[in-house]
Amino acid sequence: MNLIKRIIIVLFTAALILYCIYGFIQARNNDKEAPVIAFDSDTIYATVGASPEELLEGVTASDNKDGDVTASLIVEKTSKFIAENKKLITYTAFDSHNNVAKATRELIYTDYHSPKFSLEEPLSYNLGSSIDILDKIKAYDCIGGNISDKIKVSFSKPTAAGAYT
């Protein structure tokens with residue numbers, strides 16, 4: 001019984017020493033520094049239908065331990081419009097230790113135009129009938145496509161026959 005206790009103590013001590021050595025090596029080799037994303041310019045000009053690859057042109061990423069990590073770059077998101085034809089585009093890059101870097105630059109659309117409205121038929125109603133203008137009005141945006149569901153109408157219900165704006 002005494003021999004078994006000694007063997008268990010020796011195995012436990014050896015395991016503890018190995019665990020401490022492993023932890024020390026891991027701590028020394030641990031990379032906590034995120035990659036650095038660089039742009040060839042602070043603004044990118046692109047068409048509305050630009051692919052993610054086109055939006056990544058002129059963007060590079062490097063890491064202090066992994067070197068060039070440009071292949072890990074992705075377009076994370078684009079903001080809402082901040083000015084006419086202008087959005088912010090956010091890029092993300094990763095290294096082999098799962099450190100993440102993000103950077104943002106301006107995206108200017110070269111061919112964007114405001115949404116276009118159309119009528120499927122004249123807006124003509126009988127006085128006293130129910131009025132649902134949204135059934136006849138459609139909207140199309142060159143980025144969002146059919147945005148008819150986003151149309152908001154604000155008007156007072158006509159009380160007399162006539163032409164209304």
# chains A, B, ... in the order shown; residues from 1 in each chain; ligands from 1
>>> residues_around(residues="Ile89 (chain A)", least_positions_apart="6", cutoff="9 Å", atoms="only C-alpha atoms", output="short mmCIF file (atom, residue, chain, number, x, y, z; two decimals) with all heavy atoms, in the first residue's frame")
data_model
loop_
_atom_site.label_atom_id
_atom_site.label_comp_id
_atom_site.auth_asym_id
_atom_site.auth_seq_id
_atom_site.Cartn_x
_atom_site.Cartn_y
_atom_site.Cartn_z
N LEU A 55 -14.08 44.75 -54.22
CA LEU A 55 -14.04 45.62 -53.06
C LEU A 55 -12.78 45.40 -52.22
O LEU A 55 -12.42 46.24 -51.41
CB LEU A 55 -15.29 45.43 -52.21
CG LEU A 55 -16.62 45.79 -52.87
CD1 LEU A 55 -17.79 45.46 -51.95
CD2 LEU A 55 -16.64 47.26 -53.27
N VAL A 75 -14.87 41.21 -46.65
CA VAL A 75 -15.67 42.41 -46.49
C VAL A 75 -16.72 42.06 -45.44
O VAL A 75 -17.58 41.22 -45.67
CB VAL A 75 -16.35 42.83 -47.81
CG1 VAL A 75 -17.30 43.99 -47.59
CG2 VAL A 75 -15.30 43.18 -48.85
N GLU A 76 -16.61 42.68 -44.27
CA GLU A 76 -17.54 42.34 -43.19
C GLU A 76 -18.90 42.99 -43.38
O GLU A 76 -19.92 42.33 -43.27
CB GLU A 76 -16.96 42.77 -41.85
CG GLU A 76 -17.85 42.39 -40.68
CD GLU A 76 -17.28 42.79 -39.35
OE1 GLU A 76 -16.07 42.94 -39.23
OE2 GLU A 76 -18.08 42.97 -38.42
N LYS A 77 -18.91 44.29 -43.67
CA LYS A 77 -20.19 44.98 -43.84
C LYS A 77 -19.98 46.31 -44.54
O LYS A 77 -18.87 46.83 -44.62
CB LYS A 77 -20.87 45.21 -42.49
CG LYS A 77 -20.11 46.17 -41.59
CD LYS A 77 -20.84 46.38 -40.27
CE LYS A 77 -20.04 47.31 -39.38
NZ LYS A 77 -20.70 47.57 -38.13
N THR A 78 -21.09 46.82 -45.06
CA THR A 78 -21.12 48.18 -45.57
C THR A 78 -22.20 48.92 -44.79
O THR A 78 -23.24 48.34 -44.46
CB THR A 78 -21.41 48.24 -47.08
OG1 THR A 78 -22.64 47.58 -47.34
CG2 THR A 78 -20.31 47.62 -47.88
N SER A 79 -21.94 50.17 -44.49
CA SER A 79 -22.87 50.97 -43.69
C SER A 79 -24.04 51.45 -44.55
O SER A 79 -24.07 51.24 -45.76
CB SER A 79 -22.14 52.17 -43.10
OG SER A 79 -21.82 53.10 -44.13
N ALA A 103 -10.80 47.21 -40.15
CA ALA A 103 -10.45 48.55 -40.64
C ALA A 103 -11.57 49.00 -41.58
O ALA A 103 -12.25 48.19 -42.20
CB ALA A 103 -9.12 48.52 -41.37
N THR A 104 -11.73 50.32 -41.67
CA THR A 104 -12.83 50.89 -42.44
C THR A 104 -12.29 51.95 -43.41
O THR A 104 -11.36 52.67 -43.09
CB THR A 104 -13.85 51.55 -41.49
OG1 THR A 104 -14.30 50.57 -40.56
CG2 THR A 104 -15.04 52.09 -42.24
N ARG A 105 -12.89 52.00 -44.59
CA ARG A 105 -12.60 53.07 -45.54
C ARG A 105 -13.87 53.44 -46.27
O ARG A 105 -14.89 52.75 -46.17
CB ARG A 105 -11.49 52.68 -46.51
CG ARG A 105 -11.84 51.62 -47.53
CD ARG A 105 -10.67 51.44 -48.48
NE ARG A 105 -10.86 50.32 -49.38
CZ ARG A 105 -10.06 50.05 -50.39
NH1 ARG A 105 -9.03 50.82 -50.64
NH2 ARG A 105 -10.28 49.00 -51.16
N GLU A 106 -13.83 54.54 -47.00
CA GLU A 106 -15.00 55.04 -47.73
C GLU A 106 -15.20 54.25 -49.02
O GLU A 106 -14.23 53.93 -49.72
CB GLU A 106 -14.85 56.52 -48.07
CG GLU A 106 -14.98 57.42 -46.88
CD GLU A 106 -14.90 58.89 -47.27
OE1 GLU A 106 -14.48 59.22 -48.40
OE2 GLU A 106 -15.25 59.70 -46.41
N LEU A 107 -16.45 53.99 -49.32
CA LEU A 107 -16.85 53.36 -50.57
C LEU A 107 -17.74 54.36 -51.30
O LEU A 107 -18.76 54.78 -50.77
CB LEU A 107 -17.62 52.06 -50.31
CG LEU A 107 -18.39 51.43 -51.47
CD1 LEU A 107 -17.45 51.05 -52.60
CD2 LEU A 107 -19.18 50.23 -50.99
#
>>> closest_atom_pairs(of="region 65-117 of chain A", to="region 36-39 of chain A", cutoff="9 Å", atoms="only C-alpha atoms", output="JSON lines")
{"residue": "A:Thr70", "atom": "CA", "partner": "A:Ile37", "partner_atom": "CA", "distance": 8.4}
{"residue": "A:Leu73", "atom": "CA", "partner": "A:Ile37", "partner_atom": "CA", "distance": 8.7}
{"residue": "A:Tyr91", "atom": "CA", "partner": "A:Ile37", "partner_atom": "CA", "distance": 8.2}
{"residue": "A:Thr92", "atom": "CA", "partner": "A:Ile37", "partner_atom": "CA", "distance": 8.1}
{"residue": "A:Ala93", "atom": "CA", "partner": "A:Ile37", "partner_atom": "CA", "distance": 7.3}
{"residue": "A:Ala101", "atom": "CA", "partner": "A:Val36", "partner_atom": "CA", "distance": 6.6}
{"residue": "A:Lys102", "atom": "CA", "partner": "A:Ile37", "partner_atom": "CA", "distance": 7.2}
{"residue": "A:Ala103", "atom": "CA", "partner": "A:Ile37", "partner_atom": "CA", "distance": 6.4}
{"residue": "A:Arg105", "atom": "CA", "partner": "A:Phe39", "partner_atom": "CA", "distance": 8.3}
>>> write_last_selection(atoms="N, CA, C and O atoms", output="PDB file, in the first residue's frame")
ATOM      1  N   THR A  70      -3.200  38.353 -46.112  1.00  0.00           N
ATOM      2  CA  THR A  70      -4.161  38.991 -47.008  1.00  0.00           C
ATOM      3  C   THR A  70      -5.245  38.016 -47.456  1.00  0.00           C
ATOM      4  O   THR A  70      -6.395  38.424 -47.656  1.00  0.00           O
ATOM      5  N   LEU A  73      -8.600  38.132 -45.596  1.00  0.00           N
ATOM      6  CA  LEU A  73      -9.435  39.335 -45.634  1.00  0.00           C
ATOM      7  C   LEU A  73     -10.834  39.049 -46.158  1.00  0.00           C
ATOM      8  O   LEU A  73     -11.004  38.302 -47.131  1.00  0.00           O
ATOM      9  N   TYR A  91     -13.580  46.019 -43.328  1.00  0.00           N
ATOM     10  CA  TYR A  91     -12.841  44.810 -43.683  1.00  0.00           C
ATOM     11  C   TYR A  91     -12.376  44.112 -42.403  1.00  0.00           C
ATOM     12  O   TYR A  91     -12.102  44.767 -41.404  1.00  0.00           O
ATOM     13  N   THR A  92     -12.246  42.784 -42.472  1.00  0.00           N
ATOM     14  CA  THR A  92     -11.776  41.993 -41.338  1.00  0.00           C
ATOM     15  C   THR A  92     -10.697  41.039 -41.817  1.00  0.00           C
ATOM     16  O   THR A  92     -10.805  40.463 -42.898  1.00  0.00           O
ATOM     17  N   ALA A  93      -9.648  40.860 -40.980  1.00  0.00           N
ATOM     18  CA  ALA A  93      -8.573  39.909 -41.278  1.00  0.00           C
ATOM     19  C   ALA A  93      -8.292  39.087 -40.020  1.00  0.00           C
ATOM     20  O   ALA A  93      -8.473  39.561 -38.898  1.00  0.00           O
ATOM     21  N   ALA A 101      -8.550  41.644 -36.807  1.00  0.00           N
ATOM     22  CA  ALA A 101      -8.343  43.075 -37.047  1.00  0.00           C
ATOM     23  C   ALA A 101      -9.464  43.581 -37.941  1.00  0.00           C
ATOM     24  O   ALA A 101      -9.944  42.865 -38.826  1.00  0.00           O
ATOM     25  N   LYS A 102      -9.891  44.817 -37.700  1.00  0.00           N
ATOM     26  CA  LYS A 102     -10.917  45.445 -38.531  1.00  0.00           C
ATOM     27  C   LYS A 102     -10.422  46.825 -38.942  1.00  0.00           C
ATOM     28  O   LYS A 102      -9.738  47.494 -38.175  1.00  0.00           O
ATOM     29  N   ALA A 103     -10.796  47.213 -40.151  1.00  0.00           N
ATOM     30  CA  ALA A 103     -10.451  48.545 -40.641  1.00  0.00           C
ATOM     31  C   ALA A 103     -11.569  49.002 -41.581  1.00  0.00           C
ATOM     32  O   ALA A 103     -12.245  48.188 -42.204  1.00  0.00           O
ATOM     33  N   ARG A 105     -12.895  51.997 -44.588  1.00  0.00           N
ATOM     34  CA  ARG A 105     -12.602  53.073 -45.537  1.00  0.00           C
ATOM     35  C   ARG A 105     -13.874  53.444 -46.273  1.00  0.00           C
ATOM     36  O   ARG A 105     -14.888  52.753 -46.173  1.00  0.00           O
TER      37      ARG A 105
END
>>> select_by_dssp(residues="chain A", states="helix (DSSP H, G or I)", output="PyMOL selection string")
chain A and resi 2-29+52-55+70-72+133-135+148-150
>>> closest_atom_pairs(of="region 51-97 of chain A", to="region 138-144 of chain A", cutoff="12 Å", atoms="only C-alpha atoms", output="CSV")
residue,atom,partner,partner_atom,distance
A:Thr78,CA,A:Ile143,CA,11.8
A:Lys80,CA,A:Ile143,CA,11.3
A:Phe81,CA,A:Ile143,CA,11.4
A:Asn85,CA,A:Ile143,CA,11.1
>>> closest_residue(among="A:Tyr19, A:Phe94, A:Phe24, A:Tyr109", to="Ile44 (chain A)", atoms="only C-alpha atoms")
A:Tyr109
>>> residues_around(residues="Asp68 (chain A)", least_positions_apart="4", cutoff="10 Å", atoms="only C-alpha atoms", output="list in words")
Pro35, Val36, Thr60, Ala61, Ser62, Asp63, Asn64, Ser72 and Asp95 of chain A
>>> select_by_dssp(residues="region 65-158 of chain A", states="strand (DSSP E)", output="VMD selection string")
chain A and resid 67 to 68 74 to 78 86 to 94 100 to 109 116 to 119 137 to 141 145 to 146
>>> closest_residue(among="A:Ile8, A:Asn29, A:Pro52, A:Asp132", to="Thr90 (chain A)", atoms="only C-alpha atoms")
A:Pro52
>>> residues_around(residues="Glu53 (chain A)", least_positions_apart="3", cutoff="9 Å", atoms="only C-alpha atoms", output="tab-separated table (two decimals) with all heavy atoms, in the first residue's frame")
chain	number	residue	atom	x	y	z
A	50	ALA	N	-20.46	45.67	-57.70
A	50	ALA	CA	-19.09	45.20	-57.49
A	50	ALA	C	-19.07	43.93	-56.63
A	50	ALA	O	-19.79	43.83	-55.64
A	50	ALA	CB	-18.24	46.28	-56.85
A	56	LEU	N	-12.12	44.25	-52.42
A	56	LEU	CA	-10.88	43.95	-51.69
A	56	LEU	C	-9.62	44.44	-52.41
A	56	LEU	O	-8.53	44.32	-51.86
A	56	LEU	CB	-10.77	42.43	-51.45
A	56	LEU	CG	-11.70	41.87	-50.38
A	56	LEU	CD1	-11.72	40.35	-50.44
A	56	LEU	CD2	-11.27	42.34	-49.00
A	57	GLU	N	-9.79	44.99	-53.61
A	57	GLU	CA	-8.62	45.47	-54.36
A	57	GLU	C	-7.93	46.59	-53.59
A	57	GLU	O	-8.58	47.50	-53.07
A	57	GLU	CB	-9.04	45.97	-55.74
A	57	GLU	CG	-9.39	44.85	-56.70
A	57	GLU	CD	-9.80	45.36	-58.06
A	57	GLU	OE1	-9.58	46.55	-58.37
A	57	GLU	OE2	-10.38	44.56	-58.81
A	74	ILE	N	-11.83	39.66	-45.50
A	74	ILE	CA	-13.21	39.59	-45.98
A	74	ILE	C	-13.83	40.98	-45.85
A	74	ILE	O	-13.38	41.81	-45.06
A	74	ILE	CB	-14.06	38.57	-45.20
A	74	ILE	CG1	-14.13	38.93	-43.72
A	74	ILE	CG2	-13.56	37.16	-45.40
A	74	ILE	CD1	-15.18	38.15	-42.94
A	75	VAL	N	-14.87	41.21	-46.65
A	75	VAL	CA	-15.67	42.41	-46.49
A	75	VAL	C	-16.72	42.06	-45.44
A	75	VAL	O	-17.58	41.22	-45.67
A	75	VAL	CB	-16.35	42.83	-47.81
A	75	VAL	CG1	-17.30	43.99	-47.59
A	75	VAL	CG2	-15.30	43.18	-48.85
